[in-house]
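Pasted below: input27.txt, compact mmCIF, C-alpha atoms and all ligand atoms.
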```txt
# COMPACT_ATOMS: atom_id res chain seq x y z
CA MET A 21 -21.66 -16.93 -16.23
CA ALA A 22 -19.93 -19.86 -17.87
CA VAL A 23 -18.81 -22.69 -15.67
CA GLY A 24 -16.29 -25.43 -16.34
CA LYS A 25 -12.58 -25.45 -16.81
CA ASN A 26 -12.42 -21.96 -18.30
CA ALA A 27 -14.66 -20.38 -15.67
CA HIS A 28 -11.81 -18.28 -14.24
CA HIS A 29 -10.94 -16.97 -17.65
CA HIS A 30 -14.51 -15.91 -18.30
CA TYR A 31 -14.73 -14.37 -14.85
CA GLN A 32 -11.69 -12.20 -15.66
CA LYS A 33 -13.54 -10.78 -18.65
CA ASP A 34 -16.74 -10.11 -16.76
CA PHE A 35 -17.91 -6.56 -17.48
CA SER A 36 -18.95 -6.02 -13.88
CA MET A 37 -15.35 -5.97 -12.68
CA LYS A 38 -14.13 -2.72 -11.19
CA LEU A 39 -10.57 -2.67 -12.57
CA PRO A 40 -10.43 -4.49 -15.90
CA GLY A 41 -7.01 -4.12 -17.53
CA ARG A 42 -5.83 -1.57 -14.97
CA THR A 43 -2.14 -1.84 -14.10
CA CYS A 44 -1.53 -1.70 -10.36
CA ILE A 45 1.77 -1.81 -8.49
CA VAL A 46 1.70 -2.92 -4.85
CA THR A 47 4.78 -2.45 -2.67
CA GLY A 48 5.02 -4.61 0.44
CA GLY A 49 2.88 -7.16 -1.39
CA ALA A 50 4.43 -10.24 0.21
CA SER A 51 2.20 -10.16 3.28
CA GLY A 52 -0.43 -8.41 5.33
CA ILE A 53 -2.29 -5.46 3.87
CA GLY A 54 -0.26 -5.48 0.63
CA ARG A 55 -1.04 -9.12 -0.10
CA ALA A 56 -4.76 -8.71 0.66
CA ALA A 57 -4.88 -5.63 -1.57
CA ALA A 58 -3.01 -7.37 -4.42
CA LEU A 59 -5.52 -10.24 -4.31
CA ALA A 60 -8.49 -7.86 -4.23
CA LEU A 61 -7.16 -5.72 -7.09
CA ALA A 62 -6.51 -8.82 -9.22
CA ALA A 63 -9.98 -10.19 -8.42
CA GLU A 64 -11.40 -6.99 -9.95
CA GLY A 65 -9.50 -7.63 -13.19
CA ALA A 66 -6.36 -5.56 -12.57
CA GLN A 67 -2.96 -6.70 -13.82
CA VAL A 68 -0.81 -6.50 -10.72
CA THR A 69 2.89 -6.07 -10.03
CA VAL A 70 3.51 -7.54 -6.60
CA SER A 71 6.68 -6.10 -5.17
CA ASP A 72 8.58 -6.66 -1.94
CA LEU A 73 11.99 -7.24 -0.37
CA ASN A 74 10.71 -10.67 0.50
CA ARG A 75 10.84 -12.72 -2.71
CA ARG A 76 9.36 -15.89 -1.25
CA GLY A 77 6.28 -14.15 0.15
CA GLY A 78 5.87 -12.04 -2.99
CA GLU A 79 6.02 -15.03 -5.29
CA GLU A 80 3.49 -16.75 -3.06
CA THR A 81 1.10 -13.79 -3.49
CA VAL A 82 1.55 -14.06 -7.27
CA ALA A 83 0.82 -17.80 -7.12
CA MET A 84 -2.34 -17.14 -5.07
CA ILE A 85 -3.52 -14.67 -7.72
CA ALA A 86 -2.65 -17.02 -10.61
CA GLU A 87 -4.50 -19.87 -8.90
CA LYS A 88 -7.67 -17.80 -8.98
CA GLY A 89 -7.20 -16.94 -12.65
CA GLY A 90 -5.79 -13.45 -12.13
CA THR A 91 -2.79 -11.70 -13.66
CA ALA A 92 0.30 -10.84 -11.64
CA ILE A 93 4.10 -10.71 -11.74
CA PHE A 94 6.62 -10.39 -8.94
CA VAL A 95 9.39 -7.77 -8.94
CA GLU A 96 11.88 -7.76 -6.09
CA CYS A 97 12.39 -4.21 -4.84
CA ASN A 98 13.72 -2.47 -1.76
CA VAL A 99 11.71 0.76 -1.91
CA ALA A 100 14.43 2.57 0.03
CA VAL A 101 16.82 2.13 -2.93
CA GLU A 102 16.30 4.53 -5.82
CA ASP A 103 17.51 2.12 -8.51
CA ASP A 104 15.21 -0.62 -7.22
CA ALA A 105 12.24 1.75 -7.45
CA ARG A 106 13.22 2.75 -11.00
CA GLN A 107 13.48 -0.92 -11.94
CA LEU A 108 10.08 -1.68 -10.36
CA ILE A 109 8.34 0.87 -12.56
CA GLN A 110 10.35 -0.12 -15.66
CA SER A 111 9.59 -3.84 -15.22
CA THR A 112 5.90 -3.03 -14.90
CA VAL A 113 5.93 -0.96 -18.10
CA ASP A 114 7.88 -3.72 -19.89
CA GLU A 115 5.28 -6.30 -18.83
CA TYR A 116 1.99 -4.39 -19.06
CA GLY A 117 2.83 -1.30 -21.15
CA LYS A 118 1.67 1.28 -18.59
CA VAL A 119 1.17 2.22 -14.94
CA ASP A 120 -2.27 3.31 -13.70
CA VAL A 121 -2.08 2.75 -9.95
CA LEU A 122 0.70 2.78 -7.38
CA PHE A 123 -0.05 1.46 -3.89
CA ASN A 124 2.86 2.71 -1.73
CA ASN A 125 2.32 0.29 1.10
CA ALA A 126 5.75 -1.09 2.13
CA GLY A 127 6.62 -0.01 5.64
CA ILE A 128 8.43 -1.01 8.80
CA ASN A 129 7.83 -0.41 12.48
CA PRO A 130 10.73 -1.62 14.63
CA MET A 131 9.15 -0.22 17.86
CA GLU A 132 12.34 1.80 18.16
CA GLY A 133 11.65 3.79 21.32
CA SER A 134 11.75 7.48 22.19
CA VAL A 135 14.16 9.96 20.61
CA VAL A 136 16.52 9.25 23.52
CA ASP A 137 16.43 5.49 23.04
CA VAL A 138 16.26 5.08 19.25
CA SER A 139 19.52 4.31 17.44
CA LEU A 140 20.44 6.69 14.64
CA GLU A 141 20.50 3.67 12.34
CA ASP A 142 16.88 2.77 13.17
CA TRP A 143 15.78 6.40 12.90
CA ARG A 144 17.24 6.65 9.36
CA ARG A 145 16.02 3.18 8.32
CA VAL A 146 12.41 3.95 9.26
CA PHE A 147 12.44 7.16 7.23
CA ALA A 148 14.29 5.48 4.34
CA VAL A 149 11.57 2.83 3.94
CA ASN A 150 8.41 4.65 5.02
CA VAL A 151 9.09 8.06 3.44
CA ASP A 152 11.91 7.80 0.86
CA GLY A 153 10.20 4.68 -0.48
CA ILE A 154 7.10 6.67 -1.43
CA PHE A 155 9.26 9.46 -2.86
CA PHE A 156 11.25 7.09 -5.09
CA CYS A 157 8.36 4.95 -6.36
CA SER A 158 6.13 7.96 -7.04
CA ARG A 159 8.90 9.84 -8.81
CA PHE A 160 9.22 7.09 -11.40
CA ALA A 161 5.54 6.13 -11.61
CA ILE A 162 4.08 9.62 -12.17
CA PRO A 163 5.70 10.17 -15.60
CA GLU A 164 4.12 6.86 -16.70
CA MET A 165 0.74 7.94 -15.29
CA ARG A 166 1.02 11.16 -17.28
CA LYS A 167 1.52 9.11 -20.46
CA ALA A 168 -1.56 7.04 -19.55
CA GLY A 169 -3.68 10.18 -19.06
CA GLY A 170 -3.87 9.94 -15.27
CA GLY A 171 -3.46 7.62 -12.36
CA ARG A 172 -4.09 6.90 -8.72
CA ILE A 173 -1.55 6.80 -5.90
CA ILE A 174 -2.45 5.33 -2.53
CA ASN A 175 -0.05 5.80 0.38
CA THR A 176 -0.37 3.69 3.52
CA ALA A 177 -0.44 6.13 6.43
CA SER A 178 -1.44 5.21 10.01
CA PRO A 179 -3.28 6.56 13.04
CA ALA A 180 0.29 7.70 13.83
CA SER A 181 -0.18 10.28 11.07
CA PHE A 182 -2.70 12.01 13.38
CA LYS A 183 -1.79 11.16 16.98
CA GLY A 184 1.08 9.99 19.17
CA TRP A 185 1.78 7.21 21.65
CA PRO A 186 4.85 6.29 23.68
CA GLY A 187 7.96 4.51 22.42
CA ASN A 188 7.57 4.82 18.64
CA SER A 189 9.19 8.16 17.74
CA ALA A 190 10.60 7.45 14.28
CA TYR A 191 7.56 5.51 13.06
CA ILE A 192 5.11 8.18 14.23
CA ALA A 193 7.20 10.97 12.70
CA SER A 194 7.54 9.02 9.43
CA LYS A 195 3.79 8.41 9.15
CA GLY A 196 3.17 12.12 9.79
CA ALA A 197 5.43 12.72 6.82
CA VAL A 198 3.48 10.17 4.74
CA MET A 199 0.27 12.16 5.28
CA SER A 200 1.97 15.49 4.52
CA LEU A 201 3.59 14.08 1.39
CA THR A 202 0.19 12.73 0.32
CA ARG A 203 -1.26 16.24 0.56
CA SER A 204 1.63 17.85 -1.25
CA MET A 205 1.60 15.31 -4.09
CA ALA A 206 -2.16 15.70 -4.37
CA MET A 207 -1.73 19.44 -4.94
CA ASP A 208 1.06 18.96 -7.48
CA PHE A 209 -0.87 16.58 -9.75
CA ALA A 210 -4.56 17.33 -9.18
CA LYS A 211 -4.94 18.99 -12.58
CA GLU A 212 -3.47 15.96 -14.34
CA ASN A 213 -6.04 13.40 -13.18
CA ILE A 214 -3.44 11.91 -10.84
CA HIS A 215 -5.15 11.58 -7.48
CA VAL A 216 -3.15 10.85 -4.35
CA ASN A 217 -4.89 9.59 -1.23
CA ALA A 218 -3.90 8.01 2.07
CA LEU A 219 -5.11 4.70 3.42
CA VAL A 220 -5.28 4.87 7.22
CA PRO A 221 -5.52 1.37 8.66
CA GLY A 222 -6.06 1.08 12.40
CA LEU A 223 -4.68 -1.94 14.21
CA ILE A 224 -4.66 -4.77 11.65
CA LEU A 225 -3.51 -8.33 12.39
CA THR A 226 -0.41 -8.52 10.18
CA GLY A 227 3.30 -8.88 10.94
CA ILE A 228 3.51 -5.22 11.91
CA GLY A 229 0.22 -5.31 13.84
CA ARG A 230 1.19 -8.38 15.85
CA ASP A 231 4.64 -6.96 16.69
CA PHE A 232 2.97 -3.77 17.84
CA LEU A 233 0.58 -5.71 20.07
CA ALA A 234 3.38 -7.84 21.51
CA ALA A 235 5.17 -4.65 22.61
CA GLN A 236 2.13 -3.38 24.57
CA PRO A 237 1.93 -3.96 28.33
CA ASP A 238 -1.56 -5.51 27.88
CA SER A 239 -1.87 -6.90 24.35
CA GLU A 240 -5.46 -8.06 24.73
CA ALA A 241 -6.67 -4.69 25.97
CA ALA A 242 -4.71 -2.96 23.19
CA ALA A 243 -6.30 -5.19 20.52
CA ALA A 244 -9.78 -4.33 21.82
CA GLY A 245 -8.96 -0.68 22.47
CA ASN A 246 -10.97 0.91 19.64
CA PRO A 247 -14.74 1.57 19.55
CA VAL A 248 -15.42 -1.57 17.47
CA GLY A 249 -13.60 -3.54 20.15
CA ARG A 250 -11.25 -5.69 18.06
CA ALA A 251 -8.31 -5.59 15.70
CA GLY A 252 -9.03 -5.63 11.96
CA ASP A 253 -8.19 -8.11 9.25
CA PRO A 254 -6.26 -7.14 6.08
CA GLY A 255 -9.29 -8.29 4.08
CA GLU A 256 -11.32 -5.49 5.66
CA VAL A 257 -8.84 -2.90 4.36
CA ALA A 258 -8.47 -4.19 0.80
CA PRO A 259 -11.89 -3.01 -0.52
CA VAL A 260 -10.92 0.58 0.24
CA VAL A 261 -7.73 0.15 -1.80
CA VAL A 262 -9.87 -1.19 -4.65
CA TYR A 263 -12.05 1.92 -4.45
CA LEU A 264 -9.09 4.32 -4.36
CA ALA A 265 -7.55 2.57 -7.40
CA GLN A 266 -10.52 3.21 -9.64
CA GLU A 267 -10.93 5.90 -12.27
CA ASP A 268 -14.33 6.41 -10.56
CA CYS A 269 -12.53 7.68 -7.48
CA SER A 270 -12.47 11.03 -9.25
CA PHE A 271 -13.22 13.73 -6.66
CA SER A 272 -11.06 12.72 -3.70
CA THR A 273 -7.42 13.73 -3.49
CA GLY A 274 -5.07 14.46 -0.61
CA ALA A 275 -7.57 12.72 1.67
CA PRO A 276 -7.14 10.21 4.47
CA PHE A 277 -9.43 7.14 4.28
CA TYR A 278 -9.83 5.66 7.75
CA VAL A 279 -10.28 1.91 8.15
CA ASP A 280 -9.59 1.91 11.84
CA GLY A 281 -12.50 0.51 13.84
CA GLY A 282 -13.35 4.05 14.92
CA GLU A 283 -9.96 4.59 16.58
CA LEU A 284 -9.42 8.14 15.31
CA SER A 285 -13.00 9.25 15.95
CA GLY A 286 -12.89 8.80 19.70
CA SER A 287 -12.04 6.47 22.54
CA ALA A 288 -13.52 3.04 23.15
P1 LIG B 1 3.55 -6.56 7.07
O1 LIG B 1 4.81 -6.60 7.85
O2 LIG B 1 2.72 -7.79 6.95
O3 LIG B 1 3.83 -6.03 5.60
C1 LIG B 1 4.86 -5.12 5.30
C2 LIG B 1 5.55 -5.60 4.05
O4 LIG B 1 6.49 -4.60 3.63
C3 LIG B 1 6.34 -6.90 4.27
O5 LIG B 1 5.99 -7.85 3.27
C4 LIG B 1 7.78 -6.46 4.14
O6 LIG B 1 8.64 -7.46 3.61
C5 LIG B 1 7.66 -5.27 3.21
N1 LIG B 1 8.81 -4.36 3.30
C6 LIG B 1 9.44 -3.93 4.42
N2 LIG B 1 10.47 -3.14 4.09
C7 LIG B 1 10.48 -3.07 2.74
C8 LIG B 1 11.31 -2.40 1.80
N3 LIG B 1 12.36 -1.66 2.20
N4 LIG B 1 11.04 -2.54 0.48
C9 LIG B 1 10.00 -3.30 0.07
N5 LIG B 1 9.19 -3.96 0.91
C10 LIG B 1 9.43 -3.85 2.23
O7 LIG B 1 2.68 -5.39 7.76
P2 LIG B 1 1.40 -4.58 7.22
O8 LIG B 1 0.65 -4.21 8.44
O9 LIG B 1 0.71 -5.27 6.13
O10 LIG B 1 2.11 -3.25 6.69
C11 LIG B 1 1.73 -2.59 5.52
C12 LIG B 1 1.66 -1.09 5.79
O11 LIG B 1 0.59 -0.83 6.71
C13 LIG B 1 2.90 -0.47 6.43
O12 LIG B 1 3.20 0.75 5.78
C14 LIG B 1 2.46 -0.22 7.86
O13 LIG B 1 3.19 0.82 8.45
C15 LIG B 1 1.03 0.13 7.66
N6 LIG B 1 0.15 0.04 8.83
C16 LIG B 1 -0.05 -1.13 9.46
C17 LIG B 1 -0.89 -1.18 10.56
C18 LIG B 1 -1.17 -2.47 11.29
O14 LIG B 1 -1.71 -2.43 12.40
N7 LIG B 1 -0.85 -3.60 10.74
C19 LIG B 1 -1.51 -0.01 11.02
C20 LIG B 1 -1.28 1.18 10.35
C21 LIG B 1 -0.43 1.19 9.25
```
Could I get this structure in the form of structure tokens?
Amino acid sequence: MAVGKNAHHHYQKDFSMKLPGRTCIVTGGASGIGRAAALALAAEGAQVTVSDLNRRGGEETVAMIAEKGGTAIFVECNVAVEDDARQLIQSTVDEYGKVDVLFNNAGINPMEGSVVDVSLEDWRRVFAVNVDGIFFCSRFAIPEMRKAGGGRIINTASPASFKGWPGNSAYIASKGAVMSLTRSMAMDFAKENIHVNALVPGLILTGIGRDFLAAQPDSEAAAAGNPVGRAGDPGEVAPVVVYLAQEDCSFSTGAPFYVDGGELSGSA
């Protein structure tokens, strides 16, 4: 490989990259899992739209990608707002001409309490972001994927999609809905080469992960409470997103992909 001042440029054109020229949208790309995934997708040659409510963090992700010679733009978008979602897809098409991959990753977990304790406002807000957000973004992205001859959608689910725990009623219900919606979308578009899978991160040290730990009676025990014995890093999740974004991911749809330190396979 060439070295020198154009090394990054040559690296971008390297034929061994997994996602050359593939257009990927990442929601919640300002931090955590979304940022790590945006960086990993760009490192494989994808042209990335980083999207978030948080402009500062999102622009920082774009700068990190640009610094490494990758291609990215930032589009501010509240996924819970239909017009924002429409604009996110439109801006991506305006910039890159197509949409191949949508990573529906934006989410919130306000540790809202049981159904007795949660405010109606929090209940609705959690569903608006975690569920409506996927509905809106997918609704506008899928017609573009059809034009491109196919696509890949990755929805960030959670262990909460498969099990419960105390004090997190709206979040757990919303992530159950994320998994169900993943299955239903997979069935609707399987014949059109649009594959829809779920990423299932276990406890990952991000904003959401740290807030979750802080709310546990024994944070240290909770962090070590899976078979691997530690919380994960966003960088350990990103390679799975890269896999699910590829055209080569051609025979999986409607499936959960666990990256959870063994959490869902048993107890520690
Ligand atoms: P994070 O807080 O670092 O990232 C979430 C991002 O989503 C933030 O940048 C935030 O600004 C953005 N966001 C929030 N509401 C938004 C909205 N309405 N529109 C657009 N962007 C919005 O946390 P994270 O852990 O990286 O979270 C990413 C996803 O992973 C979430 O869906 C979360 O539920 C899921 N998840 C996280 C864990 C964990 O332990 N960290 C475990 C399972 C699932």
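The gap separating CA of Ala83 in chain A from CA of Asn175 in chain A is 24.8 Å, in Å to one decimal.
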Given 5 Å of margin on each side, can you work out the centre and size in Å (one decimal) of an axis-aligned box holding every listed atom of ligand LIG 1 (chain B), as lines of an AutoDock Vina configuration file?
```
center_x = 5.3
center_y = -3.3
center_z = 6.2
size_x = 24.1
size_y = 19.0
size_z = 22.3
```
Within 6 Å of ligand LIG 1 (chain B), counting only C-alpha atoms and all ligand atoms: which residues, as a PyMOL selection string?
chain A and resi 47-54+72-74+97-100+125-128+149+176-178+221-229
Write a file of the selected residues as a CSV table (one decimal), in the frame of the given file, keeping C-alpha atoms.
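Final file, again-v3.csv:
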```csv
chain,number,residue,atom,x,y,z
A,47,THR,CA,4.8,-2.4,-2.7
A,48,GLY,CA,5.0,-4.6,0.4
A,49,GLY,CA,2.9,-7.2,-1.4
A,50,ALA,CA,4.4,-10.2,0.2
A,51,SER,CA,2.2,-10.2,3.3
A,52,GLY,CA,-0.4,-8.4,5.3
A,53,ILE,CA,-2.3,-5.5,3.9
A,54,GLY,CA,-0.3,-5.5,0.6
A,72,ASP,CA,8.6,-6.7,-1.9
A,73,LEU,CA,12.0,-7.2,-0.4
A,74,ASN,CA,10.7,-10.7,0.5
A,97,CYS,CA,12.4,-4.2,-4.8
A,98,ASN,CA,13.7,-2.5,-1.8
A,99,VAL,CA,11.7,0.8,-1.9
A,100,ALA,CA,14.4,2.6,0.0
A,125,ASN,CA,2.3,0.3,1.1
A,126,ALA,CA,5.8,-1.1,2.1
A,127,GLY,CA,6.6,0.0,5.6
A,128,ILE,CA,8.4,-1.0,8.8
A,149,VAL,CA,11.6,2.8,3.9
A,176,THR,CA,-0.4,3.7,3.5
A,177,ALA,CA,-0.4,6.1,6.4
A,178,SER,CA,-1.4,5.2,10.0
A,221,PRO,CA,-5.5,1.4,8.7
A,222,GLY,CA,-6.1,1.1,12.4
A,223,LEU,CA,-4.7,-1.9,14.2
A,224,ILE,CA,-4.7,-4.8,11.6
A,225,LEU,CA,-3.5,-8.3,12.4
A,226,THR,CA,-0.4,-8.5,10.2
A,227,GLY,CA,3.3,-8.9,10.9
A,228,ILE,CA,3.5,-5.2,11.9
A,229,GLY,CA,0.2,-5.3,13.8
```
Smallest atom-to-atom distance to Cys157 in chain A: which of A:Val138, A:Leu122, A:Ala206, A:Ile93, using all atoms listed in the file?
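For Cys157 in chain A, the nearest of the candidates is A:Leu122.
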Could you give me, as a list in words, the residues that sit within 8 Å of (8.5, -1.6, 17.2) in the file's coordinates, counting only C-alpha atoms?
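Using only C-alpha atoms, the matching residues come out as Asn129, Pro130, Met131, Glu132, Gly133, Asn188, Asp231, Phe232 and Ala235 of chain A.
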Could you check how far CA of Gln67 in chain A sits from CA of Glu256 in chain A, in Å to one decimal?
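Calculated distance between CA of Gln67 in chain A and CA of Glu256 in chain A is 21.2 Å.
Going from CA of Ser270 in chain A to CA of Arg159 in chain A covers 21.4 Å.
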Considering all atoms listed in the file, state which residue in the set A:Arg172, A:Arg42, A:Lys118, A:Lys211 is at the smallest distance from Ser158 in chain A.
A:Arg172
Between A:Thr43, A:Ser287, A:Asn150, A:Ser181, single out the one closest to Gly196 in chain A, counting only C-alpha atoms.
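With only C-alpha atoms as the atom set, the closest residue is A:Ser181.
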Mind writing range 150-166 of chain A to a file for me, with N, CA and C atoms, as a PDB file, in the first residue's frame?
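In the end it all went to selection_22.pdb:
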```pdb
ATOM      1  N   ASN A 150     -37.789   5.154  20.639  1.00  0.00           N
ATOM      2  CA  ASN A 150     -37.285   3.794  20.414  1.00  0.00           C
ATOM      3  C   ASN A 150     -38.076   3.022  19.356  1.00  0.00           C
ATOM      4  N   VAL A 151     -39.358   3.306  19.231  1.00  0.00           N
ATOM      5  CA  VAL A 151     -40.199   2.539  18.287  1.00  0.00           C
ATOM      6  C   VAL A 151     -40.630   3.397  17.092  1.00  0.00           C
ATOM      7  N   ASP A 152     -41.276   4.538  17.353  1.00  0.00           N
ATOM      8  CA  ASP A 152     -41.692   5.401  16.230  1.00  0.00           C
ATOM      9  C   ASP A 152     -40.480   5.799  15.394  1.00  0.00           C
ATOM     10  N   GLY A 153     -39.340   6.000  16.040  1.00  0.00           N
ATOM     11  CA  GLY A 153     -38.131   6.406  15.321  1.00  0.00           C
ATOM     12  C   GLY A 153     -37.753   5.406  14.237  1.00  0.00           C
ATOM     13  N   ILE A 154     -37.858   4.125  14.555  1.00  0.00           N
ATOM     14  CA  ILE A 154     -37.542   3.081  13.571  1.00  0.00           C
ATOM     15  C   ILE A 154     -38.597   3.067  12.466  1.00  0.00           C
ATOM     16  N   PHE A 155     -39.849   3.215  12.884  1.00  0.00           N
ATOM     17  CA  PHE A 155     -40.971   3.273  11.927  1.00  0.00           C
ATOM     18  C   PHE A 155     -40.750   4.412  10.923  1.00  0.00           C
ATOM     19  N   PHE A 156     -40.489   5.616  11.414  1.00  0.00           N
ATOM     20  CA  PHE A 156     -40.349   6.769  10.509  1.00  0.00           C
ATOM     21  C   PHE A 156     -39.143   6.617   9.575  1.00  0.00           C
ATOM     22  N   CYS A 157     -37.981   6.318  10.147  1.00  0.00           N
ATOM     23  CA  CYS A 157     -36.768   6.259   9.307  1.00  0.00           C
ATOM     24  C   CYS A 157     -36.886   5.150   8.259  1.00  0.00           C
ATOM     25  N   SER A 158     -37.428   4.001   8.663  1.00  0.00           N
ATOM     26  CA  SER A 158     -37.530   2.871   7.737  1.00  0.00           C
ATOM     27  C   SER A 158     -38.521   3.178   6.621  1.00  0.00           C
ATOM     28  N   ARG A 159     -39.601   3.803   6.973  1.00  0.00           N
ATOM     29  CA  ARG A 159     -40.650   4.169   6.029  1.00  0.00           C
ATOM     30  C   ARG A 159     -40.113   5.002   4.871  1.00  0.00           C
ATOM     31  N   PHE A 160     -39.171   5.898   5.175  1.00  0.00           N
ATOM     32  CA  PHE A 160     -38.625   6.741   4.112  1.00  0.00           C
ATOM     33  C   PHE A 160     -37.401   6.109   3.453  1.00  0.00           C
ATOM     34  N   ALA A 161     -36.687   5.262   4.163  1.00  0.00           N
ATOM     35  CA  ALA A 161     -35.471   4.661   3.589  1.00  0.00           C
ATOM     36  C   ALA A 161     -35.797   3.508   2.635  1.00  0.00           C
ATOM     37  N   ILE A 162     -36.832   2.731   2.945  1.00  0.00           N
ATOM     38  CA  ILE A 162     -37.111   1.527   2.149  1.00  0.00           C
ATOM     39  C   ILE A 162     -37.401   1.839   0.666  1.00  0.00           C
ATOM     40  N   PRO A 163     -38.181   2.867   0.363  1.00  0.00           N
ATOM     41  CA  PRO A 163     -38.368   3.185  -1.069  1.00  0.00           C
ATOM     42  C   PRO A 163     -37.044   3.474  -1.788  1.00  0.00           C
ATOM     43  N   GLU A 164     -36.100   4.083  -1.080  1.00  0.00           N
ATOM     44  CA  GLU A 164     -34.777   4.346  -1.684  1.00  0.00           C
ATOM     45  C   GLU A 164     -33.999   3.046  -1.858  1.00  0.00           C
ATOM     46  N   MET A 165     -34.119   2.137  -0.888  1.00  0.00           N
ATOM     47  CA  MET A 165     -33.459   0.828  -1.008  1.00  0.00           C
ATOM     48  C   MET A 165     -34.025   0.055  -2.192  1.00  0.00           C
ATOM     49  N   ARG A 166     -35.316   0.151  -2.386  1.00  0.00           N
ATOM     50  CA  ARG A 166     -35.939  -0.512  -3.546  1.00  0.00           C
ATOM     51  C   ARG A 166     -35.314  -0.003  -4.839  1.00  0.00           C
TER      52      ARG A 166
END
```
